[in-house]
>>> print(open('query22.txt').read())   # compact mmCIF, C-alpha atoms
# COMPACT_ATOMS: atom_id res chain seq x y z
CA MET A 1 16.53 22.10 -36.70
CA PHE A 2 18.05 24.24 -33.91
CA GLU A 3 15.42 26.95 -34.51
CA GLU A 4 12.71 24.46 -33.69
CA SER A 5 14.53 22.59 -30.94
CA TRP A 6 15.17 25.63 -28.76
CA ILE A 7 11.49 26.66 -28.86
CA MET A 8 10.40 23.13 -27.96
CA GLY A 9 13.14 23.04 -25.32
CA LEU A 10 11.85 26.23 -23.73
CA ALA A 11 8.20 25.11 -23.96
CA GLY A 12 8.97 21.63 -22.60
CA GLY A 13 11.10 23.20 -19.88
CA LEU A 14 8.18 25.42 -18.84
CA LEU A 15 6.01 22.28 -18.52
CA ILE A 16 8.71 20.52 -16.46
CA GLY A 17 8.99 23.55 -14.19
CA SER A 18 5.19 23.78 -13.90
CA GLY A 19 5.07 20.13 -12.78
CA ALA A 20 7.74 20.79 -10.16
CA ALA A 21 5.86 23.95 -9.11
CA VAL A 22 2.59 22.02 -8.64
CA LEU A 23 4.33 19.49 -6.37
CA LEU A 24 5.93 22.24 -4.27
CA LEU A 25 2.90 24.54 -4.14
CA MET A 26 0.40 21.77 -3.36
CA ASN A 27 2.33 18.97 -1.64
CA GLY A 28 5.24 20.98 -0.24
CA ARG A 29 7.62 18.53 -1.88
CA ILE A 30 10.73 18.83 -4.05
CA ALA A 31 10.24 17.20 -7.46
CA GLY A 32 13.54 15.34 -7.46
CA VAL A 33 13.17 12.11 -9.39
CA SER A 34 16.11 10.29 -7.77
CA GLY A 35 14.95 11.43 -4.31
CA ILE A 36 11.37 10.23 -4.89
CA LEU A 37 12.49 6.88 -6.37
CA GLY A 38 15.13 6.46 -3.65
CA GLY A 39 12.46 7.16 -1.02
CA LEU A 40 10.29 4.40 -2.49
CA ILE A 41 13.21 1.96 -2.30
CA ASP A 42 14.47 3.01 1.14
CA GLU A 43 11.07 3.10 2.89
CA PRO A 44 8.59 1.15 0.73
CA SER A 45 5.81 1.23 3.35
CA GLY A 46 6.34 4.82 4.53
CA SER A 47 3.52 7.36 4.88
CA ARG A 48 4.57 9.12 1.65
CA THR A 49 4.57 5.99 -0.52
CA MET A 50 1.24 6.69 -2.25
CA GLU A 51 2.17 10.28 -3.05
CA ARG A 52 5.52 9.14 -4.48
CA LEU A 53 3.89 6.38 -6.54
CA ALA A 54 1.32 8.87 -7.86
CA PHE A 55 4.11 11.20 -9.05
CA MET A 56 5.89 8.28 -10.76
CA ALA A 57 2.62 7.10 -12.34
CA GLY A 58 2.20 10.55 -13.89
CA LEU A 59 5.85 10.78 -14.94
CA ALA A 60 5.79 7.44 -16.77
CA GLY A 61 2.06 7.23 -17.59
CA VAL A 62 1.42 10.57 -19.31
CA PRO A 63 4.34 10.11 -21.78
CA PHE A 64 2.96 6.60 -22.42
CA LEU A 65 -0.44 8.11 -23.33
CA TYR A 66 1.38 10.65 -25.52
CA ALA A 67 3.19 7.79 -27.28
CA ILE A 68 -0.12 6.03 -27.99
CA LEU A 69 -1.71 9.19 -29.42
CA ALA A 70 1.26 10.77 -31.23
CA GLY A 71 3.59 7.84 -31.89
CA THR A 72 6.50 6.59 -29.83
CA PRO A 73 9.40 9.08 -29.73
CA ALA A 74 12.90 7.76 -30.44
CA ILE A 75 15.25 7.69 -27.45
CA ASN A 76 18.43 6.89 -29.45
CA VAL A 77 20.16 5.09 -26.59
CA THR A 78 23.24 2.95 -27.11
CA GLY A 79 22.58 -0.76 -27.48
CA SER A 80 25.78 -1.74 -25.70
CA LEU A 81 24.89 -3.75 -22.59
CA PRO A 82 28.06 -2.95 -20.58
CA VAL A 83 27.66 0.79 -21.31
CA LEU A 84 23.96 0.78 -20.35
CA LEU A 85 24.55 -1.09 -17.09
CA THR A 86 27.62 0.95 -16.12
CA GLY A 87 25.83 4.21 -16.92
CA GLY A 88 22.69 3.24 -15.00
CA LEU A 89 24.69 2.15 -11.96
CA LEU A 90 26.74 5.39 -11.97
CA VAL A 91 23.61 7.54 -12.36
CA GLY A 92 21.74 5.72 -9.56
CA LEU A 93 24.61 5.67 -7.08
CA GLY A 94 25.84 9.16 -8.00
CA ALA A 95 22.45 10.88 -7.83
CA ARG A 96 21.68 9.47 -4.38
CA THR A 97 25.18 10.23 -3.08
CA ALA A 98 24.90 13.82 -4.36
CA SER A 99 21.34 14.00 -2.92
CA GLY A 100 19.86 14.89 -6.30
CA CYS A 101 19.93 14.66 -10.08
CA THR A 102 18.94 16.97 -12.94
CA SER A 103 15.44 17.48 -11.52
CA GLY A 104 16.33 17.98 -7.84
CA HIS A 105 19.49 20.03 -8.35
CA GLY A 106 19.08 21.32 -11.93
CA VAL A 107 15.44 22.45 -11.66
CA CYS A 108 14.42 22.69 -7.99
CA GLY A 109 17.80 23.68 -6.52
CA LEU A 110 19.13 26.06 -9.19
CA SER A 111 15.84 28.01 -9.11
CA ARG A 112 16.42 28.88 -5.42
CA PHE A 113 20.16 29.54 -6.01
CA SER A 114 21.18 26.68 -3.71
CA PRO A 115 25.02 26.63 -3.61
CA ARG A 116 25.03 22.83 -3.39
CA SER A 117 22.88 22.52 -6.51
CA ILE A 118 25.01 24.99 -8.47
CA VAL A 119 28.17 23.04 -7.55
CA SER A 120 26.54 19.66 -8.24
CA MET A 121 25.31 20.65 -11.71
CA ALA A 122 28.61 22.36 -12.61
CA VAL A 123 30.54 19.22 -11.63
CA ALA A 124 28.12 16.78 -13.32
CA VAL A 125 28.01 18.76 -16.59
CA SER A 126 31.82 19.13 -16.64
CA VAL A 127 32.28 15.38 -16.15
CA GLY A 128 29.60 14.69 -18.79
CA VAL A 129 31.46 16.92 -21.27
CA ALA A 130 34.73 15.12 -20.47
CA VAL A 131 33.17 11.66 -20.84
CA VAL A 132 31.59 12.51 -24.20
CA ALA A 133 34.80 14.14 -25.45
CA LEU A 134 36.82 11.08 -24.42
CA SER A 135 34.41 8.56 -25.90
CA ARG A 136 33.95 10.43 -29.20
CA ASN A 137 37.47 11.65 -29.86
CA LEU A 138 39.82 9.19 -28.18
CA LEU A 139 37.91 5.93 -28.16
CA ALA A 140 36.05 6.82 -31.37
CA TRP A 141 32.68 5.42 -30.23
CA GLY A 142 29.39 6.36 -31.97
CA MET B 1 -6.05 15.12 -3.16
CA LYS B 2 -2.32 14.95 -2.40
CA ASN B 3 -2.04 11.91 -4.67
CA LEU B 4 -3.98 13.63 -7.46
CA THR B 5 -1.76 16.72 -7.42
CA ALA B 6 1.36 14.47 -7.28
CA PHE B 7 0.07 12.60 -10.35
CA LEU B 8 -0.61 15.87 -12.15
CA ALA B 9 2.86 17.17 -11.23
CA GLY B 10 4.53 13.98 -12.50
CA GLY B 11 2.42 14.10 -15.68
CA LEU B 12 3.40 17.70 -16.51
CA PHE B 13 7.02 16.87 -15.75
CA GLY B 14 6.97 13.80 -18.02
CA LEU B 15 5.17 15.57 -20.87
CA GLY B 16 7.72 18.37 -20.69
CA LEU B 17 10.58 15.87 -20.93
CA VAL B 18 9.00 14.32 -24.03
CA LEU B 19 8.13 17.61 -25.80
CA SER B 20 11.58 19.09 -25.14
CA ASP B 21 13.11 15.84 -26.51
CA MET B 22 15.16 15.35 -23.34
CA ILE B 23 14.22 11.66 -23.49
CA ASN B 24 16.40 11.54 -26.63
CA ALA B 25 19.81 10.46 -25.37
CA ARG B 26 21.51 11.65 -28.54
CA ARG B 27 20.29 15.20 -27.95
CA VAL B 28 21.51 15.19 -24.33
CA GLN B 29 24.89 13.81 -25.41
CA GLY B 30 24.88 16.53 -28.07
CA PHE B 31 24.73 19.09 -25.24
CA PHE B 32 27.82 17.49 -23.69
CA ASP B 33 29.58 17.42 -27.07
CA LEU B 34 31.07 20.90 -26.63
CA PHE B 35 33.97 20.12 -28.92
CA GLY B 36 31.79 18.59 -31.64
CA ALA B 37 28.30 19.37 -32.97
CA TRP B 38 27.07 21.16 -29.82
CA ASP B 39 23.29 21.02 -29.23
CA PRO B 40 22.15 23.81 -26.84
CA THR B 41 18.57 22.49 -26.32
CA LEU B 42 19.22 21.39 -22.72
CA VAL B 43 20.13 24.97 -21.76
CA PHE B 44 16.72 26.18 -22.96
CA VAL B 45 15.00 23.35 -21.07
CA ILE B 46 16.77 24.30 -17.83
CA ILE B 47 15.90 28.01 -18.35
CA GLY B 48 12.25 27.17 -19.08
CA ALA B 49 11.98 24.86 -16.07
CA ASN B 50 13.59 27.36 -13.71
CA ILE B 51 11.12 30.18 -14.52
CA PRO B 52 8.00 28.70 -12.83
CA MET B 53 10.14 27.31 -10.02
CA MET B 54 11.75 30.69 -9.22
CA ALA B 55 8.27 32.19 -8.89
CA THR B 56 7.21 29.28 -6.67
CA TRP B 57 10.23 29.66 -4.35
CA LEU B 58 9.34 33.37 -3.95
CA TRP B 59 5.85 32.25 -2.89
CA VAL B 60 7.31 29.63 -0.52
CA ALA B 61 9.46 32.28 1.20
CA ARG B 62 6.29 34.16 2.22
CA HIS B 63 4.20 31.18 3.36
CA ARG B 64 4.28 28.68 6.21
CA GLN B 65 2.57 25.76 4.53
CA SER B 66 1.59 24.46 1.10
CA LEU B 67 -1.86 25.06 -0.42
CA LEU B 68 -2.85 21.59 0.84
CA GLY B 69 -1.56 22.37 4.34
CA GLU B 70 1.70 20.44 4.08
CA PRO B 71 5.00 21.67 5.58
CA LEU B 72 7.26 23.52 3.11
CA PRO B 73 10.98 22.78 2.60
CA GLY B 74 13.37 24.80 4.77
CA VAL B 75 16.42 26.80 3.71
CA PRO B 76 18.84 24.50 1.81
CA SER B 77 22.15 23.51 3.36
CA ALA B 78 25.18 25.34 1.98
CA LYS B 79 27.63 22.59 2.92
CA ILE B 80 29.82 21.65 -0.04
CA ASP B 81 31.42 18.34 0.96
CA MET B 82 33.16 15.42 -0.69
CA ARG B 83 29.91 13.45 -0.74
CA LEU B 84 28.29 16.11 -2.95
CA ILE B 85 31.32 16.40 -5.24
CA GLY B 86 31.96 12.65 -5.50
CA GLY B 87 28.30 11.85 -6.11
CA SER B 88 28.09 14.54 -8.80
CA VAL B 89 31.20 13.12 -10.52
CA LEU B 90 29.67 9.61 -10.62
CA PHE B 91 26.32 11.00 -11.76
CA GLY B 92 27.87 13.13 -14.50
CA ALA B 93 29.94 10.19 -15.76
CA GLY B 94 26.86 7.98 -16.17
CA TRP B 95 24.78 10.86 -17.60
CA GLY B 96 27.42 11.56 -20.25
CA LEU B 97 28.10 7.90 -20.99
CA VAL B 98 24.47 7.04 -21.86
CA GLY B 99 22.66 10.40 -22.14
CA LEU B 100 19.88 9.45 -19.73
CA CYS B 101 19.09 10.72 -16.22
CA PRO B 102 16.51 9.46 -13.68
CA GLY B 103 13.72 11.74 -14.98
CA SER B 104 14.24 11.02 -18.65
CA VAL B 105 14.47 7.26 -18.21
CA MET B 106 11.27 7.18 -16.11
CA ALA B 107 9.43 9.26 -18.73
CA SER B 108 10.43 6.82 -21.50
CA LEU B 109 10.21 3.63 -19.41
CA LEU B 110 6.86 2.47 -20.84
CA PHE B 111 7.77 3.07 -24.50
CA GLY B 112 8.95 -0.54 -24.70
CA TYR B 113 12.64 0.08 -25.37
CA ARG B 114 14.79 -2.69 -23.90
CA GLU B 115 17.66 -0.19 -23.42
CA ALA B 116 15.58 2.06 -21.12
CA LEU B 117 14.55 -0.93 -18.99
CA LEU B 118 18.16 -2.15 -18.65
CA PHE B 119 19.37 1.34 -17.71
CA ALA B 120 16.54 1.72 -15.16
CA PHE B 121 17.36 -1.69 -13.68
CA ALA B 122 21.03 -0.76 -13.21
CA MET B 123 19.96 2.62 -11.76
CA ALA B 124 17.73 0.82 -9.22
CA VAL B 125 20.73 -1.36 -8.26
CA GLY B 126 22.63 1.90 -7.68
CA PHE B 127 19.81 3.20 -5.44
CA VAL B 128 19.84 -0.02 -3.40
CA ALA B 129 23.65 0.06 -3.14
CA PHE B 130 23.43 3.64 -1.82
CA GLY B 131 20.81 2.58 0.76
CA LEU B 132 23.07 -0.25 2.00
CA TRP B 133 26.11 2.05 2.15
CA ARG B 134 24.20 4.71 4.06
CA SER B 135 22.71 2.30 6.60
CA ARG B 136 26.20 0.84 7.22
CA SER B 137 27.81 4.27 7.61
CA THR B 138 25.09 5.47 10.04
CA ALA B 139 25.39 2.22 12.04
CA ALA B 140 29.16 2.79 12.29
CA ALA B 141 28.70 6.41 13.40
>>> encode(input="query22.txt", output="structure tokens")
Amino acid sequence: MFEESWIMGLAGGLLIGSGAAVLLLMNGRIAGVSGILGGLIDEPSGSRTMERLAFMAGLAGVPFLYAILAGTPAINVTGSLPVLLTGGLLVGLGARTASGCTSGHGVCGLSRFSPRSIVSMAVAVSVGVAVVALSRNLLAWG
Amino acid sequence: MKNLTAFLAGGLFGLGLVLSDMINARRVQGFFDLFGAWDPTLVFVIIGANIPMMATWLWVARHRQSLLGEPLPGVPSAKIDMRLIGGSVLFGAGWGLVGLCPGSVMASLLFGYREALLFAFAMAVGFVAFGLWRSRSTAAA
């Protein structure tokens, strides 16, 4: 399963990077999902609203078309309501506070060797590893 | 034209998230599970995504505006402050706890899973809370 997953990971990653490259090359914009969503919430009637909505329409709409044609992929997310809400809140607040998430820092920032992005991803991944280790080994969740 | 290229960019991004299986929270949590059954897929996704972007940043360094005549981003700030660290800690905690990030939840939002909608709702509350905090802190300063 790993043999297949790393090839698909690399291929999917190339598509993700190509999408980010199109936005930068054409629109001069950073493809950071939390930044684009946050911009829509902070200034809903700003001059960039249509461009941001168009990016989101592609991001949600093309996978939707894929799901219709190829079947809906499993997302295997916990069903626990408190965990989902806590996680979502932390991700939303944290990404905006850090000025970026996996797309803004992990794809757009790392690729230009931005020190802030390198630090942000190193910290976020370390905390993610700690949280998963705690929940699996100490609290014995899923 | 700007909206069309933004749609295309979002579409490629979303398709990549689906094909690489990064919308699968169990696989992302598997990457964090260093001390268990470690799943390295996310590393390959990040490598793959960084290749076209590195080439694009090299192009950006030699140009004044985008192909559609838009201004290009400037040199990134190098300031490592508590806001960056604290935000990354919160983000990493939520990312590890559920295995979803803003990109992956948006790409799977229309699949009809109640869990993705609930996570996205809480994430939007987090965005709004950040907006309120920032407008208060700029008003105070």
>>> closest_residue(input="query22.txt", among="A:Ala31, A:Ile118, A:Leu53, A:Val129", to="chain B", atoms="only C-alpha atoms")
A:Val129
>>> atom_distance(input="query22.txt", atom1="atom CA of A:Gly87", atom2="atom CA of B:Leu15")
23.9 Å
>>> residues_around(input="query22.txt", residues="B:Val105", least_positions_apart="6", cutoff="7 Å", atoms="all atoms listed in the file", output="JSON, numbers by chain")
{"B": [23, 116, 120]}
>>> residues_around(input="query22.txt", residues="stretch 57-66 of chain B", least_positions_apart="5", cutoff="9 Å", atoms="only C-alpha atoms", output="compact mmCIF listing (two decimals) with C-alpha atoms, keeping the file's coordinate frame")
# COMPACT_ATOMS: atom_id res chain seq x y z
CA ALA A 21 5.86 23.95 -9.11
CA LEU A 24 5.93 22.24 -4.27
CA LEU A 25 2.90 24.54 -4.14
CA MET A 26 0.40 21.77 -3.36
CA ASN A 27 2.33 18.97 -1.64
CA GLY A 28 5.24 20.98 -0.24
CA ARG A 29 7.62 18.53 -1.88
CA CYS A 108 14.42 22.69 -7.99
CA SER A 111 15.84 28.01 -9.11
CA ARG A 112 16.42 28.88 -5.42
CA PRO B 52 8.00 28.70 -12.83
CA PRO B 71 5.00 21.67 5.58
CA LEU B 72 7.26 23.52 3.11
CA PRO B 73 10.98 22.78 2.60
>>> closest_residue(input="query22.txt", among="B:Ser77, B:Ser104, B:Val128, B:Leu4", to="A:Ser103", atoms="only C-alpha atoms")
B:Ser104
>>> residues_around(input="query22.txt", residues="stretch 78-86 of chain A", least_positions_apart="2", cutoff="7 Å", atoms="all atoms listed in the file", output="list in words")
Asn76, Gly88, Leu89 and Leu90 of chain A; Val98, Glu115, Leu118, Phe119 and Ala122 of chain B
>>> atom_distance(input="query22.txt", atom1="atom CA of B:Gly10", atom2="atom CA of B:Met106")
10.2 Å
>>> closest_residue(input="query22.txt", among="A:Leu23, A:Ala54, A:Ser18, A:Val123", to="B:Leu68", atoms="only C-alpha atoms")
A:Leu23
>>> closest_residue(input="query22.txt", among="B:Gly16, B:Gly99, B:Gly69, B:Pro40", to="chain A", atoms="all atoms listed in the file")
B:Gly16
>>> atom_distance(input="query22.txt", atom1="atom CA of B:Ser108", atom2="atom CA of A:Asp42")
23.3 Å
>>> axis_aligned_box(input="query22.txt", around="stretch 86-104 of chain A", padding_each_side="8 Å", output="JSON")
{"center_x": 21.5, "center_y": 9.5, "center_z": -9.9, "size_x": 28.2, "size_y": 33.0, "size_z": 30.0}
>>> residues_around(input="query22.txt", residues="A:Gly17", least_positions_apart="3", cutoff="9 Å", atoms="all atoms listed in the file", output="list in words")
Gly12, Gly13, Leu14, Ala20, Ala21, Val22, Val107 and Cys108 of chain A; Leu12, Phe13, Gly16, Ile46, Gly48, Ala49, Asn50, Ile51, Pro52 and Met53 of chain B
>>> residues_around(input="query22.txt", residues="A:Leu65", least_positions_apart="2", cutoff="12 Å", atoms="all atoms listed in the file", output="PyMOL selection string")
(chain A and resi 57-63+67-73) or (chain B and resi 11+14-15+18+107-108+110-111)
>>> closest_residue(input="query22.txt", among="A:Ile30, A:Leu37, A:Met121, A:Ile16", to="chain B", atoms="only C-alpha atoms")
A:Ile16
>>> closest_residue(input="query22.txt", among="A:Pro115, A:Gly100, A:Gly109, A:Gly94", to="B:Ala93", atoms="only C-alpha atoms")
A:Gly94
